[in-house]
Amino acid sequence: MVHDMIELEKVGRPAVALVSGRFEEDAVASSRAFGMPDLQWVIVPRIYRNLEPDLCISQTEDAIDDLIGCLTSSISERNSGIDTENTRVYEGEDRHDAILKMNDDFMLEDLGDGLLLHPPTREAVDQMLKGTCLPADHVVCDMPPGFGLATVEKIAINAVMAGAKPEHLPVVIAAVKGMSKLHKDGGKSLLMSTSPEAPLLVVNGPIGEKIGLNPKSALGPGRDNQVNTIVGRAFALCFRNIGYWYPGLMDMDTIGTTRKFIQCVAENEKMSPWDPLHVDQGFDADESTVTIFVTNGELDLQDQGNHTAEGLLRTLAYGCVFGTRSLQGGKVGIRGGAERLIFMPPDVAQPVGNQGFSKQAAKEFIHENAVGSFGHMIEYMPFEQDGGVRESRVSDDWRWLEQLTHQQRQEITMNIMDSAENCHIVVVGADRAKTACFPSSDGPYTEGIDQYLP
């Protein structure tokens with residue numbers, strides 16, 4: 001909403017946002033991040049989406065005088081109030097007590113993830129900076145969603161707080177850079193959603209084994225996943241403290257998700273029958289890369305006995321049929337289908353590959369068989385609201401569906417994905433035919449890591 005109001009202001013149209021109560025702090029952060037800290041808005045009690053029409057009307061009527069006041073007045077720029085210049089000193093009975101005081105202070109300012117932070121002392125940060133060839137003041141990118149300047153030193157500070165080692169830093173830098181290139185806006189619209197969108201990192205190439213990333217049971221806690229967890233955490237802290245992705249500010253997720261404790265995994269290249277992900281993305285096999293996906297869910301797809309390629313792939317295809325299709329695009333441009341990231345364990349990938357399926361053929365088979373009720377996929381977006389108000393987000397190309405009964409729409413079948421290119425297969429996992437399926441956003445982005453090595 002704030003972003004849209006600023007775009008209107010850019011073309012010379014005065015704009016005032018209607019902001020519901022819990023979004024006020026987000027509006028402050030967003031107006032600063034998007035370059036108009038003096039944007040005005042009016043606070044209303046309820047979010048308009050899913051609100052009954054009479055309540056939409058009444059709360060808007062109650063706000064009219066305030067809207068007029070905002071359109072005919074101006075305010076001073078808002079600032080964050082965060083001290084970004086001075087070094088902090090913490091003292092205690094001993095070092096442990098001082099660290100606890102630092103953690104209490106940082107958590108009050110929401111600079112952490114709820115777990116104990118390592119102190120980013122000058123010595124620790126300088127040691128971390130030895131993990132890359134880049135100078136400390138080099139600007140890697142402006143990091144979404146708040147577009148703070150991600151210098152190498154800032155990335156190193158967050159890596160230290162996460163408990164990372166210098167050899168982990170190039171992966172974190174590459175992930176930060178890659179995130180800024182994801183989609184046309186660095187994934188801003190996804191990350192600021194009220195849905196549980198969260199990045200997931202996949203590392204390919206020699207660096208995964210070199211630094212100890214686990215490619216097997218890679219998403220859980222524990223000793224085997226220590227590096228996976230630490231690298232993901234370092235990236236997540238950069239997201240918060242450089243990209244301003246704070247809950248209630250620029251992360252407005254309704255319920256939240258544990259996937260925002262971001263995980264980093266390595267592809268199980270040794271157990272894969274196919275070229276690894278980064279080769280599919282245009283890199284050489286001996287290069288090291290990190291690929292950023294943005295996911296908004298996770299589903300376990302178990303197989304209890306299939307051993308043919310077709311049987312295994314049908315299980316995956318049928319399990320991919322959940323969620324929604326968009327009605328905002330038509331025959332040209334946005335098609336509206338979903339994307340799926342599939343973490344396929346070796347016990348599925350190897351029989352599929354050994355029985356003659358290339359990775360592309362497996363993706364095509366999944367796409368062709370991932371078919372479900374179109375009516376189920378579009379139920380979330382009614383064609384009109386109470387009182388005959390049409391849903392403006394429904395494209396004219398789909399208006400013919402209005403002439404059908406509810407039952408007729410349920411009986412139409414459609415692929416959940418528009419094409420095989422909307423299916424992404426990565427070989428990850430230990431023994432057993434248990435596949436993980438993630439609904440994901442449009443297309444991942446892969447960034448090379450070698451350029452950031454010392």
# chains A, B, ... in the order shown; residues from 1 in each chain; ligands from 1
$ select_by_dssp --residues "segment 81-186 of chain A" --states "alpha helix (DSSP H)" --output "PyMOL selection string"
chain A and resi 95-108+122-129+152-162+169-181
$ write_last_selection --atoms "C-alpha atoms" --output "mmCIF file, in the first residue's frame"
data_model
loop_
_atom_site.group_PDB
_atom_site.id
_atom_site.type_symbol
_atom_site.label_atom_id
_atom_site.label_comp_id
_atom_site.auth_asym_id
_atom_site.auth_seq_id
_atom_site.Cartn_x
_atom_site.Cartn_y
_atom_site.Cartn_z
ATOM 1 C CA ARG A 95 32.571 -11.780 29.905
ATOM 2 C CA HIS A 96 29.531 -14.089 30.030
ATOM 3 C CA ASP A 97 27.509 -11.532 31.980
ATOM 4 C CA ALA A 98 28.511 -8.773 29.546
ATOM 5 C CA ILE A 99 27.398 -10.921 26.596
ATOM 6 C CA LEU A 100 24.044 -11.551 28.245
ATOM 7 C CA LYS A 101 23.576 -7.806 28.744
ATOM 8 C CA MET A 102 24.440 -7.204 25.102
ATOM 9 C CA ASN A 103 21.860 -9.809 24.079
ATOM 10 C CA ASP A 104 19.186 -8.249 26.275
ATOM 11 C CA ASP A 105 19.879 -4.865 24.722
ATOM 12 C CA PHE A 106 19.919 -6.156 21.146
ATOM 13 C CA MET A 107 16.690 -8.096 21.598
ATOM 14 C CA LEU A 108 14.919 -5.021 23.004
ATOM 15 C CA ARG A 122 36.201 -5.277 16.424
ATOM 16 C CA GLU A 123 38.622 -8.202 16.624
ATOM 17 C CA ALA A 124 35.963 -10.776 15.663
ATOM 18 C CA VAL A 125 34.765 -8.713 12.706
ATOM 19 C CA ASP A 126 38.312 -8.139 11.435
ATOM 20 C CA GLN A 127 38.944 -11.886 11.628
ATOM 21 C CA MET A 128 35.701 -12.544 9.727
ATOM 22 C CA LEU A 129 36.734 -10.101 6.985
ATOM 23 C CA VAL A 152 31.003 -6.261 3.351
ATOM 24 C CA GLU A 153 31.629 -5.090 6.921
ATOM 25 C CA LYS A 154 27.906 -5.055 7.765
ATOM 26 C CA ILE A 155 27.554 -8.582 6.358
ATOM 27 C CA ALA A 156 30.586 -9.655 8.405
ATOM 28 C CA ILE A 157 29.099 -8.167 11.596
ATOM 29 C CA ASN A 158 25.914 -10.181 11.179
ATOM 30 C CA ALA A 159 27.896 -13.299 10.299
ATOM 31 C CA VAL A 160 29.856 -12.937 13.558
ATOM 32 C CA MET A 161 26.620 -12.563 15.540
ATOM 33 C CA ALA A 162 25.343 -15.785 13.929
ATOM 34 C CA LEU A 169 31.467 -15.479 4.629
ATOM 35 C CA PRO A 170 31.692 -15.854 0.811
ATOM 36 C CA VAL A 171 28.490 -17.928 0.822
ATOM 37 C CA VAL A 172 26.681 -15.295 2.886
ATOM 38 C CA ILE A 173 27.916 -12.455 0.657
ATOM 39 C CA ALA A 174 26.815 -14.327 -2.476
ATOM 40 C CA ALA A 175 23.398 -15.025 -0.948
ATOM 41 C CA VAL A 176 22.932 -11.351 -0.042
ATOM 42 C CA LYS A 177 23.923 -10.309 -3.566
ATOM 43 C CA GLY A 178 21.697 -12.961 -5.138
ATOM 44 C CA MET A 179 18.695 -11.904 -3.082
ATOM 45 C CA SER A 180 19.001 -8.356 -4.411
ATOM 46 C CA LYS A 181 18.736 -9.710 -7.974
#
$ residues_around --residues "Leu341 of chain A" --least-positions-apart "6" --cutoff "10 Å" --atoms "only C-alpha atoms" --output "PDB file with N, CA and C atoms, in the first residue's frame"
ATOM      1  N   PHE A 293      15.797 -19.491  -3.437  1.00  0.00           N
ATOM      2  CA  PHE A 293      14.381 -19.710  -3.686  1.00  0.00           C
ATOM      3  C   PHE A 293      13.596 -18.943  -2.626  1.00  0.00           C
ATOM      4  N   VAL A 294      12.397 -18.502  -2.968  1.00  0.00           N
ATOM      5  CA  VAL A 294      11.482 -17.967  -1.962  1.00  0.00           C
ATOM      6  C   VAL A 294      10.298 -18.923  -1.883  1.00  0.00           C
ATOM      7  N   THR A 295      10.098 -19.515  -0.713  1.00  0.00           N
ATOM      8  CA  THR A 295       9.054 -20.524  -0.531  1.00  0.00           C
ATOM      9  C   THR A 295       7.964 -19.996   0.402  1.00  0.00           C
ATOM     10  N   GLU A 298       5.560 -26.006   2.944  1.00  0.00           N
ATOM     11  CA  GLU A 298       6.339 -27.237   2.814  1.00  0.00           C
ATOM     12  C   GLU A 298       5.411 -28.425   3.040  1.00  0.00           C
ATOM     13  N   CYS A 320       1.791 -32.477  -5.568  1.00  0.00           N
ATOM     14  CA  CYS A 320       2.021 -31.069  -5.900  1.00  0.00           C
ATOM     15  C   CYS A 320       0.726 -30.284  -6.060  1.00  0.00           C
ATOM     16  N   ASN A 422       8.127 -24.483 -14.455  1.00  0.00           N
ATOM     17  CA  ASN A 422       7.696 -24.032 -13.127  1.00  0.00           C
ATOM     18  C   ASN A 422       8.007 -25.058 -12.044  1.00  0.00           C
ATOM     19  N   CYS A 423       8.639 -26.164 -12.421  1.00  0.00           N
ATOM     20  CA  CYS A 423       9.005 -27.232 -11.489  1.00  0.00           C
ATOM     21  C   CYS A 423      10.525 -27.262 -11.355  1.00  0.00           C
ATOM     22  N   HIS A 424      11.026 -27.167 -10.143  1.00  0.00           N
ATOM     23  CA  HIS A 424      12.468 -27.129  -9.898  1.00  0.00           C
ATOM     24  C   HIS A 424      12.850 -28.335  -9.043  1.00  0.00           C
ATOM     25  N   ILE A 425      13.731 -29.177  -9.557  1.00  0.00           N
ATOM     26  CA  ILE A 425      14.138 -30.397  -8.848  1.00  0.00           C
ATOM     27  C   ILE A 425      15.564 -30.242  -8.341  1.00  0.00           C
ATOM     28  N   VAL A 426      15.745 -30.466  -7.037  1.00  0.00           N
ATOM     29  CA  VAL A 426      17.066 -30.464  -6.420  1.00  0.00           C
ATOM     30  C   VAL A 426      17.193 -31.770  -5.636  1.00  0.00           C
ATOM     31  N   ALA A 436      10.295 -33.655  -0.299  1.00  0.00           N
ATOM     32  CA  ALA A 436       9.743 -32.396   0.224  1.00  0.00           C
ATOM     33  C   ALA A 436       9.337 -31.514  -0.952  1.00  0.00           C
ATOM     34  N   CYS A 437       8.119 -30.998  -0.886  1.00  0.00           N
ATOM     35  CA  CYS A 437       7.600 -30.114  -1.931  1.00  0.00           C
ATOM     36  C   CYS A 437       7.311 -28.749  -1.315  1.00  0.00           C
ATOM     37  N   PHE A 438       7.858 -27.705  -1.927  1.00  0.00           N
ATOM     38  CA  PHE A 438       7.661 -26.341  -1.450  1.00  0.00           C
ATOM     39  C   PHE A 438       6.949 -25.523  -2.523  1.00  0.00           C
ATOM     40  N   PRO A 439       5.809 -24.905  -2.223  1.00  0.00           N
ATOM     41  CA  PRO A 439       5.308 -23.878  -3.134  1.00  0.00           C
ATOM     42  C   PRO A 439       6.308 -22.732  -3.145  1.00  0.00           C
ATOM     43  N   SER A 440       6.641 -22.242  -4.320  1.00  0.00           N
ATOM     44  CA  SER A 440       7.689 -21.229  -4.410  1.00  0.00           C
ATOM     45  C   SER A 440       7.272 -20.119  -5.365  1.00  0.00           C
ATOM     46  N   SER A 441       8.055 -19.048  -5.368  1.00  0.00           N
ATOM     47  CA  SER A 441       7.763 -17.900  -6.214  1.00  0.00           C
ATOM     48  C   SER A 441       8.384 -18.079  -7.587  1.00  0.00           C
ATOM     49  N   GLY A 443      10.661 -18.424 -10.298  1.00  0.00           N
ATOM     50  CA  GLY A 443      12.047 -18.541 -10.658  1.00  0.00           C
ATOM     51  C   GLY A 443      13.057 -18.224  -9.576  1.00  0.00           C
ATOM     52  N   PRO A 444      14.054 -19.077  -9.355  1.00  0.00           N
ATOM     53  CA  PRO A 444      15.136 -18.791  -8.410  1.00  0.00           C
ATOM     54  C   PRO A 444      16.206 -17.924  -9.068  1.00  0.00           C
TER      55      PRO A 444
END
$ closest_residue --among "A:Glu267, A:Asp224, A:Asp347, A:Asp142" --to "Tyr244 of chain A" --atoms "only C-alpha atoms"
A:Asp142
$ select_by_dssp --residues "segment 29-197 of chain A" --states "strand (DSSP E or B)" --output "VMD selection string"
chain A and resid 41 to 44 139 to 143 148 to 151
$ write_last_selection --atoms "C-alpha atoms" --output "PDB file, in the first residue's frame"
ATOM      1  CA  TRP A  41      -1.677   8.143   6.025  1.00  0.00           C
ATOM      2  CA  VAL A  42      -4.785   7.693   8.110  1.00  0.00           C
ATOM      3  CA  ILE A  43      -5.170   4.843  10.590  1.00  0.00           C
ATOM      4  CA  VAL A  44      -8.347   2.736  10.349  1.00  0.00           C
ATOM      5  CA  VAL A 139      28.918  -2.074  -1.153  1.00  0.00           C
ATOM      6  CA  VAL A 140      27.634  -5.504  -2.237  1.00  0.00           C
ATOM      7  CA  CYS A 141      24.084  -4.280  -2.934  1.00  0.00           C
ATOM      8  CA  ASP A 142      21.110  -2.498  -1.450  1.00  0.00           C
ATOM      9  CA  MET A 143      19.328  -5.292   0.349  1.00  0.00           C
ATOM     10  CA  GLY A 148      19.763  -0.842   3.333  1.00  0.00           C
ATOM     11  CA  LEU A 149      23.311  -0.639   1.966  1.00  0.00           C
ATOM     12  CA  ALA A 150      24.925  -4.049   2.431  1.00  0.00           C
ATOM     13  CA  THR A 151      28.630  -3.355   2.842  1.00  0.00           C
TER      14      THR A 151
END
$ residues_around --residues "Arg393 of chain A" --least-positions-apart "5" --cutoff "9 Å" --atoms "only C-alpha atoms" --output "PyMOL selection string"
chain A and resi 327-328+381+383
$ residues_around --residues "segment 250-260 of chain A" --least-positions-apart "5" --cutoff "8 Å" --atoms "only C-alpha atoms" --output "list in words"
Phe23, Asp26, Ala29, Ser30, Pro145, Gly146, Leu191, Met192, Ser193, Thr194, Ser195, Pro196, Glu197, Ala198, Pro199, Leu200, Ala236, Tyr244 and Trp245 of chain A
$ residues_around --residues "Met377 of chain A" --least-positions-apart "4" --cutoff "8 Å" --atoms "only C-alpha atoms" --output "PyMOL selection string"
chain A and resi 322-325+372-373
$ write_last_selection --atoms "N, CA and C atoms" --output "PDB file, in the first residue's frame"
ATOM      1  N   PHE A 322      -1.892 -28.641  -4.734  1.00  0.00           N
ATOM      2  CA  PHE A 322      -2.505 -27.936  -3.602  1.00  0.00           C
ATOM      3  C   PHE A 322      -2.274 -26.451  -3.818  1.00  0.00           C
ATOM      4  N   GLY A 323      -3.004 -25.629  -3.087  1.00  0.00           N
ATOM      5  CA  GLY A 323      -2.833 -24.195  -3.233  1.00  0.00           C
ATOM      6  C   GLY A 323      -3.730 -23.613  -4.302  1.00  0.00           C
ATOM      7  N   THR A 324      -3.308 -22.494  -4.874  1.00  0.00           N
ATOM      8  CA  THR A 324      -4.179 -21.707  -5.740  1.00  0.00           C
ATOM      9  C   THR A 324      -3.543 -21.412  -7.091  1.00  0.00           C
ATOM     10  N   ARG A 325      -4.405 -21.012  -8.026  1.00  0.00           N
ATOM     11  CA  ARG A 325      -3.975 -20.403  -9.284  1.00  0.00           C
ATOM     12  C   ARG A 325      -4.501 -18.976  -9.308  1.00  0.00           C
ATOM     13  N   GLY A 372      -5.607 -30.903 -11.090  1.00  0.00           N
ATOM     14  CA  GLY A 372      -6.645 -30.932 -10.066  1.00  0.00           C
ATOM     15  C   GLY A 372      -7.832 -30.087 -10.451  1.00  0.00           C
ATOM     16  N   SER A 373      -8.767 -29.949  -9.547  1.00  0.00           N
ATOM     17  CA  SER A 373      -9.986 -29.174  -9.781  1.00  0.00           C
ATOM     18  C   SER A 373      -9.658 -27.685  -9.864  1.00  0.00           C
TER      19      SER A 373
END
$ closest_residue --among "A:Lys434, A:His278, A:Lys184, A:Arg409" --to "Leu312 of chain A" --atoms "only C-alpha atoms"
A:Lys434
$ atom_distance --atom1 "atom CA of Pro166 of chain A" --atom2 "atom CA of Gly448 of chain A"
17.5 Å
$ atom_distance --atom1 "atom CA of His367 of chain A" --atom2 "atom CA of Ser272 of chain A"
20.7 Å
$ residues_around --residues "Pro276 of chain A" --least-positions-apart "6" --cutoff "9 Å" --atoms "only C-alpha atoms" --output "PyMOL selection string"
chain A and resi 204-205+267-269+285+426-427
$ closest_residue --among "A:Asp442, A:Asp65, A:Glu7, A:Glu167" --to "Met36 of chain A" --atoms "only C-alpha atoms"
A:Glu7
$ atom_distance --atom1 "atom CA of Ala433 of chain A" --atom2 "atom CA of Pro221 of chain A"
20.6 Å
$ closest_residue --among "A:Gly429, A:Thr291, A:Leu316, A:Asn306" --to "Ala218 of chain A" --atoms "only C-alpha atoms"
A:Gly429
$ closest_residue --among "A:Glu93, A:Asp303, A:Glu61, A:Glu24" --to "Val348 of chain A" --atoms "only C-alpha atoms"
A:Asp303
